[in-house]
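The block underneath contains the structure these notes are about, expressed in structure tokens.
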Amino acid sequence: MTAARLVQNFRGARALLALANAGVDAGAAEAVAGTLKKLGAVISTISPDRLSGEMLGDFDVLFLDLDMGIPESCVWARLGQAPPLPVIGIIGVEAPSQLKALLQLGVTAYLRKPVQGASVYAALYIGINEWNRRRHVDDRLAATEGRRRSRRFVIKAVLQVMNQRGVNDDEAFQILRRESMKQQLSVEAFSEEIVRKALEEGIAGVNAERG
């Protein structure tokens, strides 16, 4: 399995800063925003209570202040799902309640107040690359599971070709592979297509006989 590509240059990255009590806790906002600007990131700031799921698709990373708890818009946290983008949590204390919130949100990095500018780059680097790594692994596992489920269609297609052409299983598979290459499909996808087509034709034949 190949590894996900590491991101090291964050110029142009779209960062959403959802910070609580920005006026009171201006230090966190300044530390995060100041470092991100130096890295060339594009920054937008909002209060966590105004965060919505729809806006997250417009950003590459979310810095989320958890002083007010988990926002209602972070529905994935309640459903036990992975976040739709890298989330870097910002907490005031490492209390059990805030640590639990970090886990529920699926953060891949976090910052503790008072936020130090020097720690922002490390959190950004780890947060984005770890999220990318998890997504890469999930995608590969999903693809593997999809191919595993498709094997039954390959077996059925091989048997179908054997019966139709009077060849052995190796020859039938080679026929499937050549035909799938012509169609620019994987053997699994091509096999599923011809098996489904045969099933549809069989059902149509039965209906015609009944009619």
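Residue numbers start at 1 in each chain; chains themselves are named A, B, ... in the order of the structure tokens; ligands are numbered from 1 in the order shown.
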Compile a residue-level contact table for stretch 18-80 of chain A against stretch 87-98 of chain A at a cut-off of 9 Å, reporting for every qualifying residue the shortest atom pair and its distance in Å to one decimal, with only C-alpha atoms counted, rows ordered by chain and ascending number, as a tab-separated table.
```
residue	atom	partner	partner_atom	distance
A:Leu19	CA	A:Ile90	CA	8.5
A:Ala28	CA	A:Ile90	CA	8.6
A:Val61	CA	A:Val87	CA	6.0
A:Leu62	CA	A:Val87	CA	4.8
A:Phe63	CA	A:Ile88	CA	4.8
A:Leu64	CA	A:Gly89	CA	5.0
A:Asp65	CA	A:Ile90	CA	4.6
A:Leu66	CA	A:Ile91	CA	5.6
A:Asp67	CA	A:Ile91	CA	6.4
A:Gly69	CA	A:Gln98	CA	7.8
```
Export of the given selection (all heavy atoms) as a CSV table (one decimal), in the first residue's frame:
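Generated file (again-v5.csv):
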```csv
chain,number,residue,atom,x,y,z
A,19,LEU,N,-13.4,30.5,16.6
A,19,LEU,CA,-12.8,30.8,17.9
A,19,LEU,C,-13.8,31.4,18.8
A,19,LEU,O,-14.6,32.3,18.4
A,19,LEU,CB,-11.6,31.8,17.7
A,19,LEU,CG,-10.5,31.3,16.8
A,19,LEU,CD1,-9.4,32.3,16.6
A,19,LEU,CD2,-9.9,30.0,17.3
A,28,ALA,N,-5.1,33.7,21.4
A,28,ALA,CA,-5.2,32.5,20.6
A,28,ALA,C,-5.4,32.8,19.1
A,28,ALA,O,-4.8,32.3,18.2
A,28,ALA,CB,-6.3,31.6,21.1
A,61,VAL,N,-9.0,23.2,6.3
A,61,VAL,CA,-8.7,22.8,7.7
A,61,VAL,C,-9.5,23.7,8.6
A,61,VAL,O,-9.8,24.9,8.3
A,61,VAL,CB,-7.2,23.0,8.0
A,61,VAL,CG1,-6.7,24.4,7.8
A,61,VAL,CG2,-6.9,22.5,9.4
A,62,LEU,N,-9.9,23.1,9.7
A,62,LEU,CA,-10.7,23.8,10.7
A,62,LEU,C,-10.0,23.9,12.0
A,62,LEU,O,-9.6,22.8,12.6
A,62,LEU,CB,-12.1,23.2,10.9
A,62,LEU,CG,-13.0,23.6,12.1
A,62,LEU,CD1,-13.4,25.1,11.8
A,62,LEU,CD2,-14.2,22.7,12.2
A,63,PHE,N,-9.8,25.1,12.5
A,63,PHE,CA,-9.3,25.3,13.9
A,63,PHE,C,-10.5,25.6,14.8
A,63,PHE,O,-11.2,26.6,14.6
A,63,PHE,CB,-8.3,26.4,14.0
A,63,PHE,CG,-6.9,26.1,13.4
A,63,PHE,CD1,-6.7,26.2,12.0
A,63,PHE,CD2,-5.9,25.8,14.2
A,63,PHE,CE1,-5.5,25.9,11.4
A,63,PHE,CE2,-4.6,25.5,13.7
A,63,PHE,CZ,-4.4,25.6,12.3
A,64,LEU,N,-10.8,24.7,15.7
A,64,LEU,CA,-12.0,24.8,16.5
A,64,LEU,C,-11.8,24.9,17.9
A,64,LEU,O,-11.2,24.1,18.6
A,64,LEU,CB,-12.9,23.5,16.2
A,64,LEU,CG,-14.2,23.5,16.9
A,64,LEU,CD1,-15.1,24.7,16.6
A,64,LEU,CD2,-14.9,22.2,16.6
A,65,ASP,N,-12.2,26.1,18.5
A,65,ASP,CA,-12.1,26.4,19.9
A,65,ASP,C,-13.2,25.6,20.6
A,65,ASP,O,-14.4,25.7,20.3
A,65,ASP,CB,-12.2,27.9,20.1
A,65,ASP,CG,-11.9,28.3,21.6
A,65,ASP,OD1,-12.1,27.5,22.5
A,65,ASP,OD2,-11.4,29.4,21.7
A,66,LEU,N,-12.8,24.8,21.7
A,66,LEU,CA,-13.8,24.0,22.3
A,66,LEU,C,-14.3,24.5,23.7
A,66,LEU,O,-14.9,23.8,24.5
A,66,LEU,CB,-13.3,22.6,22.5
A,66,LEU,CG,-13.1,21.8,21.2
A,66,LEU,CD1,-12.4,20.5,21.4
A,66,LEU,CD2,-14.5,21.5,20.5
A,67,ASP,N,-14.0,25.8,24.0
A,67,ASP,CA,-14.4,26.4,25.3
A,67,ASP,C,-15.9,26.4,25.4
A,67,ASP,O,-16.4,26.3,26.5
A,67,ASP,CB,-13.9,27.8,25.4
A,67,ASP,CG,-12.5,27.9,26.0
A,67,ASP,OD1,-11.9,26.8,26.3
A,67,ASP,OD2,-11.9,29.0,26.1
A,69,GLY,N,-17.8,24.0,24.0
A,69,GLY,CA,-18.2,22.6,23.8
A,69,GLY,C,-18.2,22.4,22.3
A,69,GLY,O,-17.8,23.2,21.5
```
*asked:* Need to verify the contact set: stretch 175-179 of chain A, 12 Å, only C-alpha atoms, exclusion of same-chain residues closer than 6 positions in sequence. Can you return it as a PyMOL selection string?
replied: chain A and resi 153-162+164-165+167-169+185-195
*Within 10 Å of A:Val42, counting only C-alpha atoms, which residues qualify if same-chain residues fewer than 3 places away don't, as a list in words?*
Phe10, Arg11, Gly12, Ala13, Arg14, Ala15, Leu16, Ala33, Leu36, Lys37, Leu39, Phe59 and Asp60 of chain A
*How far is it from atom CA of A:Ala31 to atom CA of A:Gln116, in Å with one decimal?*
6.1 Å
*Check the DSSP output for the backbone and give back, as an NGL selection string, the residues of stretch 91-183 of chain A in strand (DSSP E or B).*
:A and (91 or 109-112)
*Residues of stretch 3-172 of chain A in alpha helix (DSSP H) according to DSSP, as a PyMOL selection string?*
chain A and resi 26-38+75-79+96-105+117-165+169-172
